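Engineer: My questions will all concern the structure given below.
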Amino acid sequence: MAASSRAQVLRLYRALLRESQRFSGYNYRTYAIRRIRDAFRENKNIKDSEKIEELVNKAKANLEVIRRQAT
């Protein structure tokens with residue numbers, strides 16, 4: 001994975017965790033954090049750049065959903 005791609009993924013990971021902290025309900029908050037961590041751990045060994053790009057786009061869409069739901 002290229003360094004810029006790695007940095008982009010890490011920024012996205014941090015943004016997802018940060019936004020999920022904004023859920024007011026404890027159960028929603030812990031579920032979102034657990035799902036984010038599990039998904040990133042599950043996909044950490046993927047080397048195919050197309051698959052990585054697909055997963056990054058999916059995570060960006062999920063980030064927008066979290067932002068809408070947390071407010």
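Ordered as shown in the structure tokens, chains take letters A, B, and onward, while each chain numbers its residues from 1 and ligands are numbered from 1 in the order shown.
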Neighbours of range 35-46 of chain A within 9 Å (only C-alpha atoms; same-chain residues fewer than 4 positions away dropped), as a PyMOL selection string?

Structural biologist: chain A and resi 1+13+16-17+30-31+51-52+55

Engineer: Would you save the residues from that selection as a CSV table (one decimal), in the first residue's frame, using all heavy atoms?

Structural biologist:
```
chain,number,residue,atom,x,y,z
A,1,MET,N,0.9,-1.2,0.0
A,1,MET,CA,0.0,0.0,0.0
A,1,MET,C,0.9,1.2,0.0
A,1,MET,O,1.9,1.3,0.7
A,1,MET,CB,-0.9,0.0,1.2
A,1,MET,CG,-1.9,1.1,1.3
A,1,MET,SD,-2.9,1.2,2.8
A,1,MET,CE,-3.2,-0.4,3.2
A,13,TYR,N,-10.1,6.2,9.4
A,13,TYR,CA,-10.3,5.4,10.6
A,13,TYR,C,-10.6,6.3,11.8
A,13,TYR,O,-11.5,6.1,12.6
A,13,TYR,CB,-9.2,4.4,10.8
A,13,TYR,CG,-9.2,3.6,12.0
A,13,TYR,CD1,-10.1,2.5,12.1
A,13,TYR,CD2,-8.4,3.8,13.1
A,13,TYR,CE1,-10.2,1.8,13.3
A,13,TYR,CE2,-8.4,3.0,14.2
A,13,TYR,CZ,-9.3,2.0,14.3
A,13,TYR,OH,-9.3,1.2,15.5
A,16,LEU,N,-13.9,8.1,11.6
A,16,LEU,CA,-15.0,7.2,11.9
A,16,LEU,C,-15.1,7.1,13.4
A,16,LEU,O,-16.2,7.2,14.0
A,16,LEU,CB,-14.9,5.9,11.2
A,16,LEU,CG,-15.2,5.9,9.7
A,16,LEU,CD1,-14.6,4.6,9.1
A,16,LEU,CD2,-16.7,5.9,9.5
A,17,LEU,N,-14.0,6.8,14.1
A,17,LEU,CA,-14.0,6.6,15.5
A,17,LEU,C,-14.5,7.9,16.2
A,17,LEU,O,-15.2,7.9,17.2
A,17,LEU,CB,-12.7,6.2,16.0
A,17,LEU,CG,-12.3,4.8,15.7
A,17,LEU,CD1,-10.9,4.5,16.2
A,17,LEU,CD2,-13.2,3.8,16.3
A,30,THR,N,-21.0,2.2,21.5
A,30,THR,CA,-20.1,1.1,21.6
A,30,THR,C,-20.2,0.1,20.4
A,30,THR,O,-19.2,-0.5,19.9
A,30,THR,CB,-20.3,0.3,22.9
A,30,THR,OG1,-21.7,-0.1,23.0
A,30,THR,CG2,-19.9,1.1,24.1
A,31,TYR,N,-21.4,-0.1,19.9
A,31,TYR,CA,-21.6,-0.9,18.7
A,31,TYR,C,-20.9,-0.3,17.5
A,31,TYR,O,-20.2,-1.1,16.8
A,31,TYR,CB,-23.1,-1.0,18.4
A,31,TYR,CG,-23.4,-1.8,17.1
A,31,TYR,CD1,-23.3,-3.2,17.1
A,31,TYR,CD2,-23.8,-1.2,16.0
A,31,TYR,CE1,-23.5,-3.9,16.0
A,31,TYR,CE2,-24.0,-1.9,14.8
A,31,TYR,CZ,-23.9,-3.3,14.8
A,31,TYR,OH,-24.1,-4.0,13.7
A,51,LYS,N,-9.6,-3.1,-4.5
A,51,LYS,CA,-10.4,-3.5,-3.3
A,51,LYS,C,-10.2,-2.5,-2.2
A,51,LYS,O,-11.2,-2.1,-1.6
A,51,LYS,CB,-9.9,-4.9,-2.9
A,51,LYS,CG,-10.7,-5.4,-1.7
A,51,LYS,CD,-12.1,-5.7,-2.1
A,51,LYS,CE,-12.8,-6.4,-0.9
A,51,LYS,NZ,-14.3,-6.5,-1.1
A,52,ILE,N,-9.0,-2.0,-2.0
A,52,ILE,CA,-8.8,-0.9,-1.0
A,52,ILE,C,-9.6,0.3,-1.3
A,52,ILE,O,-10.3,0.9,-0.5
A,52,ILE,CB,-7.3,-0.6,-0.9
A,52,ILE,CG1,-6.5,-1.8,-0.3
A,52,ILE,CG2,-7.1,0.6,0.0
A,52,ILE,CD1,-5.0,-1.7,-0.3
A,55,LEU,N,-13.2,-0.3,-0.6
A,55,LEU,CA,-13.5,-0.2,0.9
A,55,LEU,C,-13.4,1.2,1.4
A,55,LEU,O,-14.2,1.5,2.3
A,55,LEU,CB,-12.5,-1.2,1.6
A,55,LEU,CG,-12.7,-2.7,1.4
A,55,LEU,CD1,-11.5,-3.4,1.9
A,55,LEU,CD2,-14.0,-3.2,2.0
```

Engineer: Set the distance at 12 Å and use only C-alpha atoms: which residues neighbour Val65 in chain A once local chain neighbours fewer than 3 positions away are removed? I'd like the list as a list in words.

Structural biologist: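 Here the answer would be Leu16, Glu19, Ser20, Phe23, Ala32, Lys58, Ala59, Lys60, Ala61, Asn62, Arg68, Gln69, Ala70 and Thr71 of chain A.
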
Engineer: Restricting it to N, CA and C atoms, dump the selection as a tab-separated table (two decimals), in the first residue's frame.

Structural biologist:
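File written: out28.tsv
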```tsv
chain	number	residue	atom	x	y	z
A	16	LEU	N	-13.89	8.12	11.58
A	16	LEU	CA	-15.02	7.24	11.91
A	16	LEU	C	-15.13	7.06	13.42
A	19	GLU	N	-16.31	10.43	15.05
A	19	GLU	CA	-17.72	10.72	14.82
A	19	GLU	C	-18.62	9.75	15.60
A	20	SER	N	-18.20	8.50	15.72
A	20	SER	CA	-19.02	7.54	16.46
A	20	SER	C	-19.07	7.87	17.95
A	23	PHE	N	-22.39	9.69	19.28
A	23	PHE	CA	-23.68	9.06	19.55
A	23	PHE	C	-24.02	9.26	21.02
A	32	ALA	N	-21.03	0.96	17.27
A	32	ALA	CA	-20.38	1.59	16.13
A	32	ALA	C	-18.86	1.47	16.24
A	58	LYS	N	-16.61	2.91	0.57
A	58	LYS	CA	-17.68	2.41	1.43
A	58	LYS	C	-17.58	3.04	2.83
A	59	ALA	N	-16.35	3.15	3.34
A	59	ALA	CA	-16.15	3.75	4.66
A	59	ALA	C	-16.52	5.23	4.66
A	60	LYS	N	-16.22	5.94	3.55
A	60	LYS	CA	-16.60	7.35	3.45
A	60	LYS	C	-18.11	7.50	3.48
A	61	ALA	N	-18.82	6.60	2.80
A	61	ALA	CA	-20.28	6.64	2.81
A	61	ALA	C	-20.80	6.37	4.22
A	62	ASN	N	-20.18	5.42	4.92
A	62	ASN	CA	-20.58	5.12	6.29
A	62	ASN	C	-20.29	6.29	7.23
A	68	ARG	N	-24.74	12.00	9.99
A	68	ARG	CA	-26.17	12.34	9.98
A	68	ARG	C	-26.88	11.79	11.20
A	69	GLN	N	-26.55	10.58	11.60
A	69	GLN	CA	-27.24	9.93	12.71
A	69	GLN	C	-26.84	10.48	14.08
A	70	ALA	N	-25.61	10.94	14.18
A	70	ALA	CA	-25.11	11.40	15.49
A	70	ALA	C	-25.61	12.79	15.85
A	71	THR	N	-26.10	13.55	14.88
A	71	THR	CA	-26.54	14.89	15.19
A	71	THR	C	-27.99	14.93	15.60
```

Engineer: So what do you get for CA of Val9 in chain A versus CA of Ser24 in chain A, distance-wise?

Structural biologist: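 Distance reported for this atom pair: 25.8 Å.
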
Engineer: As a count of residues only, please: every residue in chain A that a backbone DSSP assignment puts in helix (DSSP H, G or I).

Structural biologist: 57

Engineer: How many Å lie between CA of Gln8 in chain A and CA of Ile66 in chain A, rounded to one decimal?

Structural biologist: 18.4 Å
